[in-house]
$ cat structure_14.txt   # compact mmCIF, C-alpha atoms and all ligand atoms
# COMPACT_ATOMS: atom_id res chain seq x y z
CA MET O 27 36.85 -28.28 45.54
CA LYS O 28 34.48 -27.74 42.66
CA ALA O 29 32.67 -24.71 41.23
CA LEU O 30 29.04 -24.56 42.40
CA ARG O 31 26.42 -26.61 40.53
CA GLY O 32 25.40 -24.84 37.33
CA MET O 33 28.49 -22.61 37.37
CA LYS O 34 31.75 -23.06 35.51
CA ASP O 35 35.15 -21.58 34.76
CA ILE O 36 35.79 -20.19 31.31
CA ALA O 37 39.40 -20.89 30.31
CA PHE O 38 41.69 -21.93 27.44
CA GLU O 39 39.81 -22.51 24.14
CA GLU O 40 36.49 -21.31 25.62
CA ALA O 41 38.13 -18.14 26.94
CA LYS O 42 39.57 -17.47 23.47
CA LYS O 43 36.10 -17.87 21.97
CA TYR O 44 34.61 -15.64 24.69
CA LEU O 45 37.03 -12.80 23.87
CA TYR O 46 36.67 -13.37 20.12
CA PHE O 47 32.88 -13.05 20.44
CA LEU O 48 33.07 -9.95 22.68
CA ASP O 49 35.42 -8.25 20.25
CA ILE O 50 33.09 -8.83 17.28
CA ALA O 51 29.86 -8.03 19.16
CA SER O 52 31.24 -4.87 20.84
CA ASN O 53 32.61 -3.52 17.55
CA ILE O 54 29.31 -4.09 15.75
CA ALA O 55 27.41 -2.46 18.66
CA LYS O 56 29.72 0.57 18.48
CA ASN O 57 29.19 0.78 14.71
CA TYR O 58 25.45 0.98 15.39
CA GLY O 59 25.95 3.86 17.85
CA PHE O 60 25.85 1.96 21.16
CA SER O 61 28.21 2.89 24.00
CA TYR O 62 29.41 0.65 26.82
CA VAL O 63 27.74 0.67 30.22
CA GLU O 64 28.51 -1.43 33.27
CA THR O 65 25.92 -1.66 36.02
CA PRO O 66 26.20 -3.51 39.37
CA ILE O 67 25.63 -7.26 39.51
CA LEU O 68 23.73 -6.86 42.79
CA GLU O 69 20.53 -4.77 42.82
CA GLU O 70 17.46 -4.35 45.02
CA THR O 71 15.17 -7.35 44.64
CA SER O 72 12.19 -5.05 44.02
CA LEU O 73 13.80 -3.85 40.75
CA PHE O 74 13.45 -7.33 39.22
CA LYS O 75 10.08 -8.04 40.81
CA ARG O 76 8.70 -4.91 39.18
CA SER O 77 10.38 -5.25 35.78
CA VAL O 78 10.86 -8.94 34.96
CA GLY O 79 7.52 -9.52 36.70
CA ASN O 80 6.21 -11.10 39.89
CA SER O 81 4.47 -13.88 38.02
CA SER O 82 7.49 -14.88 35.88
CA ASP O 83 9.45 -18.08 36.64
CA ILE O 84 12.63 -15.99 36.87
CA VAL O 85 11.30 -13.96 39.81
CA ASN O 86 9.17 -16.70 41.34
CA LYS O 87 11.60 -19.58 41.33
CA GLU O 88 15.03 -18.59 40.11
CA MET O 89 16.34 -15.56 42.01
CA TYR O 90 19.59 -15.58 43.99
CA GLN O 91 17.99 -13.42 46.65
CA PHE O 92 19.21 -12.62 50.17
CA ILE O 93 19.14 -10.01 52.93
CA ASP O 94 22.47 -8.17 53.13
CA LYS O 95 24.20 -7.09 56.36
CA GLY O 96 22.31 -3.80 56.31
CA GLY O 97 18.96 -5.60 56.16
CA HIS O 98 18.34 -4.81 52.47
CA ASP O 99 16.54 -7.32 50.25
CA VAL O 100 18.97 -7.74 47.34
CA CYS O 101 19.48 -10.15 44.48
CA LEU O 102 22.08 -11.16 41.87
CA ARG O 103 20.79 -9.87 38.54
CA PRO O 104 18.97 -12.56 36.51
CA GLU O 105 19.21 -10.39 33.36
CA GLY O 106 20.65 -7.07 32.21
CA THR O 107 17.74 -4.90 31.03
CA ALA O 108 16.33 -3.96 34.46
CA GLY O 109 19.72 -2.68 35.72
CA VAL O 110 20.29 -0.58 32.59
CA VAL O 111 16.78 0.91 32.90
CA ARG O 112 17.47 1.66 36.59
CA PHE O 113 20.73 3.36 35.55
CA PHE O 114 18.89 5.31 32.82
CA ILE O 115 16.33 6.65 35.30
CA SER O 116 18.67 7.30 38.24
CA ASN O 117 20.92 9.37 35.95
CA LYS O 118 17.86 11.36 34.80
CA LEU O 119 18.49 10.47 31.17
CA ASP O 120 14.71 10.15 30.78
CA ARG O 121 14.46 13.94 31.30
CA VAL O 122 16.64 14.72 28.26
CA GLN O 123 15.07 14.77 24.82
CA GLN O 124 17.80 12.59 23.38
CA LYS O 125 18.26 9.04 22.22
CA TYR O 126 20.54 6.81 24.23
CA LYS O 127 21.95 3.45 23.24
CA PHE O 128 23.94 1.20 25.56
CA PHE O 129 25.64 -2.18 25.30
CA TYR O 130 26.83 -4.35 28.17
CA TYR O 131 28.10 -7.82 28.97
CA GLY O 132 28.68 -9.84 32.08
CA PRO O 133 27.39 -12.56 34.38
CA MET O 134 23.69 -13.18 35.09
CA PHE O 135 22.30 -15.60 37.69
CA ARG O 136 19.20 -17.80 37.58
CA TYR O 137 18.63 -20.67 39.98
CA GLU O 138 17.47 -23.04 37.23
CA ARG O 139 17.82 -26.81 36.91
CA PRO O 140 21.19 -27.06 35.16
CA GLN O 141 21.44 -29.00 31.91
CA LYS O 142 23.39 -28.77 28.65
CA GLY O 143 23.46 -25.07 27.69
CA ARG O 144 21.56 -24.01 30.82
CA PHE O 145 23.59 -22.64 33.73
CA ARG O 146 22.95 -20.91 37.02
CA GLU O 147 25.68 -18.41 36.25
CA PHE O 148 25.83 -17.50 32.57
CA HIS O 149 26.94 -14.50 30.54
CA GLN O 150 24.98 -12.20 28.30
CA PHE O 151 25.91 -9.56 25.76
CA GLY O 152 23.05 -7.09 25.48
CA CYS O 153 22.00 -3.80 23.87
CA GLU O 154 19.29 -1.39 25.02
CA SER O 155 18.06 1.53 22.90
CA PHE O 156 16.08 4.33 24.62
CA GLY O 157 13.94 7.08 23.12
CA GLU O 158 13.21 5.57 19.71
CA ALA O 159 9.58 4.63 19.07
CA SER O 160 10.02 3.84 15.36
CA VAL O 161 9.73 0.18 14.35
CA LEU O 162 12.81 0.84 12.22
CA GLU O 163 14.76 0.53 15.47
CA ASP O 164 13.19 -2.90 16.15
CA TYR O 165 14.31 -3.91 12.66
CA THR O 166 17.80 -2.47 13.23
CA ILE O 167 18.20 -4.35 16.51
CA ILE O 168 17.38 -7.62 14.70
CA GLU O 169 19.72 -6.64 11.84
CA MET O 170 22.53 -6.14 14.39
CA ILE O 171 22.11 -9.63 15.85
CA ASP O 172 22.03 -11.01 12.31
CA ALA O 173 25.29 -9.13 11.59
CA ILE O 174 26.96 -10.53 14.73
CA LEU O 175 25.87 -14.11 14.00
CA LYS O 176 26.84 -13.85 10.31
CA LYS O 177 30.31 -12.58 11.25
CA LEU O 178 30.65 -15.60 13.56
CA ASN O 179 29.34 -17.97 10.86
CA ILE O 180 26.51 -19.12 13.12
CA ALA O 181 23.31 -20.35 11.46
CA TYR O 182 20.00 -19.56 13.13
CA THR O 183 16.25 -19.45 12.73
CA LEU O 184 14.42 -16.29 13.75
CA GLU O 185 10.94 -16.21 15.29
CA ILE O 186 9.02 -12.99 15.70
CA ASN O 187 5.73 -11.96 17.21
CA SER O 188 3.90 -8.81 18.25
CA LEU O 189 2.60 -8.58 21.81
CA GLY O 190 0.45 -5.54 21.03
CA CYS O 191 0.03 -2.49 23.21
CA ASN O 192 -2.21 -1.10 25.94
CA GLU O 193 -4.92 -0.62 23.36
CA CYS O 194 -5.11 -4.13 21.90
CA MET O 195 -3.54 -6.40 24.53
CA PRO O 196 -6.30 -6.10 27.18
CA SER O 197 -9.07 -7.21 24.79
CA TYR O 198 -6.90 -10.08 23.52
CA LYS O 199 -6.21 -11.13 27.12
CA GLU O 200 -9.94 -11.12 27.83
CA ARG O 201 -10.63 -13.43 24.87
CA LEU O 202 -7.77 -15.70 25.92
CA VAL O 203 -8.99 -15.85 29.53
CA ASN O 204 -12.49 -16.81 28.32
CA PHE O 205 -10.95 -19.55 26.18
CA LEU O 206 -8.79 -20.78 29.10
CA GLU O 207 -11.64 -20.72 31.65
CA ASP O 208 -13.57 -23.12 29.41
CA LYS O 209 -10.68 -25.60 29.38
CA LYS O 210 -9.46 -24.93 32.93
CA GLU O 211 -9.80 -28.52 34.25
CA LYS O 212 -7.62 -29.90 31.47
CA LEU O 213 -4.76 -27.41 31.95
CA CYS O 214 -1.66 -28.05 34.10
CA GLN O 215 -1.48 -26.55 37.62
CA ASP O 216 0.86 -23.77 36.46
CA CYS O 217 -1.48 -22.72 33.64
CA GLN O 218 -4.51 -22.80 35.93
CA ARG O 219 -2.66 -20.32 38.13
CA ARG O 220 -1.57 -18.26 35.10
CA ILE O 221 -5.21 -17.61 34.10
CA THR O 222 -5.35 -15.04 36.88
CA THR O 223 -1.65 -14.05 37.21
CA ASN O 224 -0.44 -13.82 33.59
CA PRO O 225 -2.68 -15.58 31.02
CA ILE O 226 -0.46 -15.01 27.96
CA ARG O 227 2.29 -17.14 29.53
CA THR O 228 0.02 -20.17 28.98
CA LEU O 229 0.77 -19.79 25.26
CA ASP O 230 4.32 -21.13 25.60
CA CYS O 231 3.65 -23.77 28.29
CA LYS O 232 5.83 -26.86 27.70
CA ASN O 233 3.22 -29.32 29.02
CA ASN O 234 2.01 -31.53 26.14
CA ASP O 235 -1.70 -31.43 27.12
CA CYS O 236 -1.59 -27.64 27.41
CA LYS O 237 0.20 -27.40 24.06
CA THR O 238 -2.57 -29.39 22.34
CA ILE O 239 -5.35 -27.36 23.99
CA LEU O 240 -3.68 -24.05 23.18
CA GLN O 241 -3.45 -24.84 19.48
CA GLU O 242 -7.07 -23.69 19.34
CA ALA O 243 -6.45 -20.52 21.38
CA PRO O 244 -7.06 -17.08 19.81
CA LYS O 245 -3.90 -15.95 17.98
CA LEU O 246 -2.28 -12.76 19.19
CA PRO O 247 -1.33 -11.21 15.80
CA GLU O 248 -4.97 -11.47 14.67
CA TYR O 249 -6.12 -9.10 17.43
CA LEU O 250 -3.61 -6.27 17.02
CA CYS O 251 -4.89 -2.68 16.80
CA ASN O 252 -4.21 -0.78 13.56
CA ASN O 253 -1.08 0.86 14.86
CA CYS O 254 0.52 -2.38 16.12
CA LYS O 255 -0.55 -4.18 12.96
CA LYS O 256 1.03 -1.50 10.75
CA ASP O 257 4.31 -1.67 12.68
CA PHE O 258 4.36 -5.47 12.68
CA GLU O 259 3.78 -5.51 8.91
CA LEU O 260 6.52 -2.95 8.33
CA LEU O 261 8.91 -5.01 10.46
CA GLN O 262 8.19 -8.06 8.30
CA LYS O 263 8.62 -6.06 5.09
CA LEU O 264 11.99 -4.70 6.21
CA LEU O 265 13.21 -8.16 7.23
CA LYS O 266 12.16 -9.62 3.88
CA GLU O 267 13.72 -6.79 1.88
CA ASN O 268 16.97 -7.31 3.74
CA ASN O 269 17.01 -11.10 3.34
CA ILE O 270 16.62 -11.86 7.03
CA THR O 271 14.52 -15.02 7.06
CA PHE O 272 11.94 -15.35 9.85
CA THR O 273 8.78 -17.13 10.87
CA ILE O 274 5.90 -15.65 12.84
CA ASN O 275 5.31 -17.56 16.06
CA PRO O 276 2.02 -16.32 17.57
CA LYS O 277 2.90 -18.21 20.77
CA LEU O 278 6.20 -16.39 21.33
CA VAL O 279 5.56 -14.40 24.51
CA ARG O 280 9.06 -14.49 26.16
CA GLY O 281 9.74 -15.30 29.80
CA LEU O 282 9.92 -11.69 31.01
CA ASP O 283 6.84 -9.53 31.55
CA TYR O 284 8.02 -6.14 30.29
CA TYR O 285 7.54 -6.60 26.54
CA ASN O 286 5.01 -4.98 24.21
CA LYS O 287 4.84 -4.91 20.40
CA SER O 288 7.86 -6.65 18.76
CA ALA O 289 9.28 -9.73 20.45
CA PHE O 290 11.81 -12.08 18.85
CA GLU O 291 14.04 -15.05 19.47
CA PHE O 292 17.03 -16.40 17.57
CA VAL O 293 17.36 -20.18 17.83
CA SER O 294 20.17 -22.53 16.80
CA ASN O 295 19.19 -26.08 15.90
CA GLU O 296 22.67 -27.37 16.78
CA LEU O 297 22.28 -27.01 20.54
CA GLY O 298 19.48 -29.41 21.49
CA ALA O 299 16.76 -28.37 23.93
CA GLN O 300 18.41 -25.08 24.98
CA GLY O 301 18.59 -23.66 21.47
CA ALA O 302 17.69 -20.01 22.13
CA ILE O 303 20.83 -17.98 21.48
CA ALA O 304 19.35 -14.48 21.64
CA GLY O 305 16.08 -12.85 22.56
CA GLY O 306 14.58 -9.44 22.97
CA GLY O 307 11.94 -6.97 21.95
CA ARG O 308 10.29 -3.67 22.68
CA TYR O 309 9.48 -2.53 26.23
CA ASP O 310 7.88 0.92 25.91
CA LYS O 311 6.27 0.96 29.35
CA LEU O 312 9.15 -0.16 31.56
CA VAL O 313 10.91 3.18 32.12
CA GLU O 314 7.66 4.79 33.23
CA TYR O 315 6.70 1.75 35.29
CA LEU O 316 9.98 2.01 37.23
CA GLY O 317 9.37 5.68 38.01
CA GLY O 318 10.90 7.48 35.01
CA ARG O 319 9.32 9.58 32.29
CA ALA O 320 7.60 7.56 29.57
CA THR O 321 10.39 6.50 27.16
CA PRO O 322 10.04 3.98 24.34
CA ALA O 323 12.76 1.31 24.39
CA VAL O 324 13.87 -1.83 22.59
CA GLY O 325 16.75 -4.26 23.13
CA PHE O 326 18.13 -7.79 23.11
CA ALA O 327 20.56 -10.11 24.85
CA ILE O 328 22.71 -12.92 23.46
CA GLY O 329 23.62 -15.93 25.65
CA ILE O 330 27.40 -16.13 25.46
CA GLU O 331 27.87 -19.75 26.68
CA ARG O 332 25.56 -20.98 23.91
CA ILE O 333 27.40 -18.88 21.32
CA ILE O 334 30.77 -20.23 22.55
CA ASP O 335 29.46 -23.75 21.82
CA LEU O 336 28.83 -22.74 18.20
CA ILE O 337 31.92 -20.68 17.40
CA LYS O 338 34.68 -22.13 15.26
CA LEU O 339 37.78 -20.02 15.77
CA PRO O 340 39.71 -19.04 12.65
CA ASN O 341 43.27 -20.43 12.46
CA GLU O 342 45.45 -18.22 14.56
CA PRO O 343 48.49 -16.81 12.74
CA ARG O 344 51.86 -17.15 14.47
CA GLU O 345 52.45 -14.17 16.72
CA GLY O 346 55.29 -12.58 18.69
CA PHE O 347 58.61 -13.84 20.02
CA TYR O 348 59.84 -16.74 22.09
CA PHE O 349 63.19 -16.21 23.85
CA GLY O 350 65.42 -18.89 25.35
CA ALA O 351 69.08 -19.47 26.17
CA MET O 352 71.60 -22.23 26.75
CA ASN O 353 72.61 -21.03 30.24
CA ASP O 354 71.62 -18.62 33.05
CA GLU O 355 73.95 -15.87 31.81
CA GLY O 356 72.21 -15.92 28.43
CA VAL O 357 68.74 -15.77 30.02
CA GLU O 358 69.72 -12.70 32.06
CA LYS O 359 71.07 -11.03 28.92
CA LEU O 360 67.69 -11.54 27.24
CA LEU O 361 65.71 -9.80 30.02
CA PRO O 362 66.13 -6.14 28.86
CA LEU O 363 65.45 -7.16 25.27
CA VAL O 364 62.19 -8.87 26.20
CA LYS O 365 61.15 -5.80 28.19
CA GLU O 366 61.73 -3.63 25.11
CA ILE O 367 59.68 -5.88 22.84
CA ARG O 368 56.79 -6.15 25.31
CA LYS O 369 56.16 -2.41 24.86
CA ASN O 370 54.54 -3.26 21.50
CA LYS O 371 54.53 -6.97 20.89
CA LYS O 372 54.03 -10.28 22.63
CA ALA O 373 57.22 -11.88 24.00
CA ILE O 374 57.65 -15.04 26.05
CA LEU O 375 60.89 -15.66 27.95
CA GLU O 376 61.78 -19.18 29.13
CA TYR O 377 63.84 -18.84 32.34
CA THR O 378 65.11 -22.43 32.36
CA PRO O 379 68.26 -22.88 30.24
CA LYS O 380 67.84 -25.56 27.55
CA LYS O 381 69.33 -26.73 24.28
CA LEU O 382 68.22 -25.02 21.06
CA LYS O 383 66.13 -28.00 19.93
CA ALA O 384 64.02 -27.91 23.13
CA HIS O 385 63.47 -24.15 22.79
CA LEU O 386 62.40 -24.48 19.14
CA LYS O 387 59.85 -27.10 20.13
CA ALA O 388 58.48 -24.85 22.91
CA ALA O 389 58.35 -21.81 20.56
CA ASP O 390 56.33 -23.87 18.11
CA LYS O 391 53.95 -24.99 20.86
CA VAL O 392 53.13 -21.41 21.89
CA ASN O 393 52.64 -20.48 18.22
CA ALA O 394 55.39 -17.81 18.24
CA LYS O 395 56.45 -16.25 14.95
CA TYR O 396 60.12 -15.94 15.98
CA CYS O 397 62.42 -17.96 18.21
CA VAL O 398 65.41 -16.00 19.61
CA PHE O 399 68.23 -17.98 21.22
CA ILE O 400 71.54 -17.30 22.98
CA GLY O 401 73.91 -20.27 22.86
CA GLU O 402 77.62 -20.40 23.71
CA ASP O 403 78.73 -18.78 20.42
CA GLU O 404 76.17 -15.99 20.70
CA LEU O 405 77.24 -15.29 24.28
CA GLN O 406 80.89 -15.08 23.27
CA ASN O 407 80.23 -12.90 20.18
CA ASP O 408 77.53 -10.76 21.79
CA THR O 409 74.97 -11.82 19.16
CA LEU O 410 71.51 -13.42 18.94
CA TRP O 411 70.33 -16.39 16.91
CA LEU O 412 66.91 -15.76 15.36
CA LYS O 413 64.60 -18.03 13.43
CA ASP O 414 61.46 -16.91 11.58
CA LEU O 415 59.25 -19.95 12.26
CA GLU O 416 56.86 -19.05 9.45
CA GLN O 417 59.40 -18.43 6.68
CA LYS O 418 61.82 -21.02 8.16
CA GLU O 419 64.72 -18.56 7.87
CA GLU O 420 67.60 -18.25 10.33
CA LYS O 421 69.88 -15.28 11.06
CA ILE O 422 72.66 -14.19 13.42
CA LEU O 423 72.24 -10.59 14.57
CA THR O 424 73.75 -8.13 17.03
CA THR O 425 71.35 -6.72 19.62
CA GLN O 426 71.41 -3.41 17.76
CA GLU O 427 70.58 -5.08 14.45
CA PHE O 428 67.78 -7.00 16.15
CA LEU O 429 66.21 -3.85 17.61
CA GLN O 430 66.60 -2.15 14.23
CA MET O 431 64.80 -5.06 12.59
CA LEU O 432 61.88 -4.61 14.98
CA LYS O 433 61.39 -1.04 13.83
P1 LIG F 1 16.33 -13.92 27.86
O1 LIG F 1 15.66 -14.53 26.66
O2 LIG F 1 15.84 -14.33 29.19
O3 LIG F 1 16.24 -12.35 27.66
O4 LIG F 1 17.87 -14.23 27.78
C1 LIG F 1 18.63 -13.95 26.63
C2 LIG F 1 19.55 -15.12 26.28
O5 LIG F 1 20.33 -15.49 27.43
C3 LIG F 1 18.81 -16.41 25.93
O6 LIG F 1 18.40 -16.40 24.57
C4 LIG F 1 19.88 -17.45 26.20
O7 LIG F 1 20.77 -17.54 25.10
C5 LIG F 1 20.64 -16.88 27.37
N1 LIG F 1 20.23 -17.55 28.63
C6 LIG F 1 19.13 -17.32 29.37
N2 LIG F 1 19.10 -18.12 30.45
C7 LIG F 1 20.22 -18.89 30.40
C8 LIG F 1 20.78 -19.91 31.23
N3 LIG F 1 20.20 -20.31 32.36
N4 LIG F 1 21.97 -20.48 30.86
C9 LIG F 1 22.59 -20.08 29.72
N5 LIG F 1 22.12 -19.11 28.90
C10 LIG F 1 20.94 -18.52 29.23
C11 LIG F 1 16.71 -11.43 28.56
O8 LIG F 1 17.43 -11.71 29.49
C12 LIG F 1 16.32 -10.01 28.22
N6 LIG F 1 16.95 -9.14 29.21
C13 LIG F 1 16.75 -9.66 26.81
C14 LIG F 1 16.40 -8.25 26.45
C15 LIG F 1 17.23 -7.17 26.45
N7 LIG F 1 15.20 -7.80 26.09
C16 LIG F 1 15.26 -6.50 25.89
N8 LIG F 1 16.49 -6.09 26.12
$ encode --input "structure_14.txt" --output "structure tokens" --more "lines below"
Ligand code: HAM
Amino acid sequence: MKALRGMKDIAFEEAKKYLYFLDIASNIAKNYGFSYVETPILEETSLFKRSVGNSSDIVNKEMYQFIDKGGHDVCLRPEGTAGVVRFFISNKLDRVQQKYKFFYYGPMFRYERPQKGRFREFHQFGCESFGEASVLEDYTIIEMIDAILKKLNIAYTLEINSLGCNECMPSYKERLVNFLEDKKEKLCQDCQRRITTNPIRTLDCKNNDCKTILQEAPKLPEYLCNNCKKDFELLQKLLKENNITFTINPKLVRGLDYYNKSAFEFVSNELGAQGAIAGGGRYDKLVEYLGGRATPAVGFAIGIERIIDLIKLPNEPREGFYFGAMNDEGVEKLLPLVKEIRKNKKAILEYTPKKLKAHLKAADKVNAKYCVFIGEDELQNDTLWLKDLEQKEEKILTTQEFLQMLK
């Protein structure tokens, strides 16, 4: 039996990288004042239709949607933001004049065409910050991703854009629609549909003809209102002052409909076509749109599978103890000792009796720092043979001396 198409097990080296990444990302998130939240993987389908957007590919084509036994229309989450916003509202956090910051990680599901770096089940690490309207928070969110990627030694390019607000976006959309109507016949089927459903999504269409036509399209950043322009300029200034290199991509609109103002994407050029390793932006209208009190918000998510592909693990130092004996009596004698050590340190006990040479080889293979052995002499004299595999030093000890040494 195989895992389903587009889904995979994470084990061995990949699992080590997964935990290594989570450790670094969670610690950085905590340092920035974020606390952990875990929301359900299954939610009402309407949550995603309303937040990610009815016209988006994610909702239109990629949802793992079904009717449960109680007749409810539910769906496996395709992303993390909507669930955290739902949690924020249902816990009435929107009623408190306070800022809340949450981080989360876990599986997401999109019924996409699988290819290298693109899965149907994948994992995200994300952060969502509520209640902060200042563009300094947009900068800080980008700074955090930069800090995570720097700590992991992962090179990236950063693209930013501003999607404007309720004041400037409608007039931009109108100009864009006029431009698109003129060229309608030459656009792909999807873009023809988008003119009425979601015109700005034509800007990042992958169709070559559309790409050429849209080069002439009005550019979003040129139509920002004064407020959005000021914030976008300040964001750029802060990034420059802090040596975070970026380019402005006026066609960056993101695949989810909830964004306004800042939007950004981190891309690796070592991954091929699926190079986006993180994305996010501001979504000031979403809380209100889902029934809460108006609350500004900004966040991001990192794609963990893509990060795992880029991580080079540091050399692991030798760790813990490997125990083995020459015969069954020796193995049984080691049991209480191993239990004692496992209270604080890693200890592996081999149950099968073997010669010292075989145990030393096995201890080396599991990267243990010490190999502890009971042979015939040790059994007779009530002692232990211990080798420090790093320092290459050997000793004979009584059990008492051994426990003393551990302290
Ligand atoms: P997103 O850009 O759709 O944003 O996804 C974020 C990251 O998840 C992508 O940059 C990519 O690394 C990874 N990813 C997406 N789809 C797949 C896939 N099929 N296979 C493997 N990795 C994938 C969001 O999901 C937003 N919720 C981010 C956000 C949080 N915005 C505000 N707050």
$ residues_near_ligand --input "structure_14.txt" --ligand "ligand LIG 1 (chain F)" --cutoff "8 Å" --atoms "all atoms listed in the file" --output "PyMOL selection string"
chain O and resi 104-108+135-138+140+143-150+152-154+280-282+285+291-293+300-309+324-333
$ closest_residue --input "structure_14.txt" --among "O:Lys338, O:Arg139, O:Arg219, O:Lys266" --to "Asn179 (chain O)" --atoms "all atoms listed in the file"
O:Lys338
$ closest_residue --input "structure_14.txt" --among "O:Asn269, O:Thr425, O:Gln218, O:Asn253" --to "Ser160 (chain O)" --atoms "only C-alpha atoms"
O:Asn253
$ atom_distance --input "structure_14.txt" --atom1 "CA of Leu429 (chain O)" --atom2 "CA of Lys365 (chain O)"
11.9 Å
$ residues_around --input "structure_14.txt" --residues "Gly109 (chain O)" --least-positions-apart "6" --cutoff "9 Å" --atoms "only C-alpha atoms" --output "PDB file with C-alpha atoms, in the frame of the given file"
ATOM      1  CA  THR O  65      25.920  -1.660  36.020  1.00  0.00           C
ATOM      2  CA  PRO O  66      26.200  -3.510  39.370  1.00  0.00           C
ATOM      3  CA  ILE O  67      25.630  -7.260  39.510  1.00  0.00           C
ATOM      4  CA  GLU O  69      20.530  -4.770  42.820  1.00  0.00           C
ATOM      5  CA  LEU O  73      13.800  -3.850  40.750  1.00  0.00           C
ATOM      6  CA  PHE O  74      13.450  -7.330  39.220  1.00  0.00           C
ATOM      7  CA  ARG O 103      20.790  -9.870  38.540  1.00  0.00           C
TER       8      ARG O 103
END
$ atom_distance --input "structure_14.txt" --atom1 "CA of Ala173 (chain O)" --atom2 "CA of Ala51 (chain O)"
8.9 Å
$ closest_residue --input "structure_14.txt" --among "O:Glu259, O:Asp172, O:Glu163, O:Asp120" --to "Ile274 (chain O)" --atoms "only C-alpha atoms"
O:Glu259
$ atom_distance --input "structure_14.txt" --atom1 "CA of Val111 (chain O)" --atom2 "CA of Gln91 (chain O)"
19.9 Å
$ residues_around --input "structure_14.txt" --residues "Ile239 (chain O)" --least-positions-apart "2" --cutoff "10 Å" --atoms "only C-alpha atoms" --output "ChimeraX atom specification"
/O:205-206,209,212-213,229,234-237,241-243
$ residues_around --input "structure_14.txt" --residues "Ser72 (chain O)" --least-positions-apart "4" --cutoff "10 Å" --atoms "only C-alpha atoms" --output "list in words"
Arg76, Ser77, Val78, Gly79, Asn80, Val85, Asp99, Val100 and Cys101 of chain O
$ closest_residue --input "structure_14.txt" --among "O:Lys43, O:Lys87, O:Lys359, O:Lys127" --to "Val63 (chain O)" --atoms "all atoms listed in the file"
O:Lys127
$ residues_around --input "structure_14.txt" --residues "region 382-384 of chain O" --least-positions-apart "4" --cutoff "10 Å" --atoms "only C-alpha atoms" --output "count of residues only"
11
$ closest_residue --input "structure_14.txt" --among "O:Ser288, O:Pro225, O:Leu432, O:Arg121" --to "Val203 (chain O)" --atoms "all atoms listed in the file"
O:Pro225
$ closest_residue --input "structure_14.txt" --among "O:Leu405, O:Leu48, O:Leu264, O:Leu336" --to "Glu296 (chain O)" --atoms "all atoms listed in the file"
O:Leu336
$ residues_around --input "structure_14.txt" --residues "region 366-379 of chain O" --least-positions-apart "2" --cutoff "7 Å" --atoms "all atoms listed in the file" --output "mmCIF file with C-alpha atoms, in the frame of the given file"
data_model
loop_
_atom_site.group_PDB
_atom_site.id
_atom_site.type_symbol
_atom_site.label_atom_id
_atom_site.label_comp_id
_atom_site.auth_asym_id
_atom_site.auth_seq_id
_atom_site.Cartn_x
_atom_site.Cartn_y
_atom_site.Cartn_z
ATOM 1 C CA GLY O 346 55.290 -12.580 18.690
ATOM 2 C CA PHE O 347 58.610 -13.840 20.020
ATOM 3 C CA TYR O 348 59.840 -16.740 22.090
ATOM 4 C CA PHE O 349 63.190 -16.210 23.850
ATOM 5 C CA GLY O 350 65.420 -18.890 25.350
ATOM 6 C CA ALA O 351 69.080 -19.470 26.170
ATOM 7 C CA MET O 352 71.600 -22.230 26.750
ATOM 8 C CA ASN O 353 72.610 -21.030 30.240
ATOM 9 C CA ASP O 354 71.620 -18.620 33.050
ATOM 10 C CA VAL O 357 68.740 -15.770 30.020
ATOM 11 C CA PRO O 362 66.130 -6.140 28.860
ATOM 12 C CA LEU O 363 65.450 -7.160 25.270
ATOM 13 C CA VAL O 364 62.190 -8.870 26.200
#
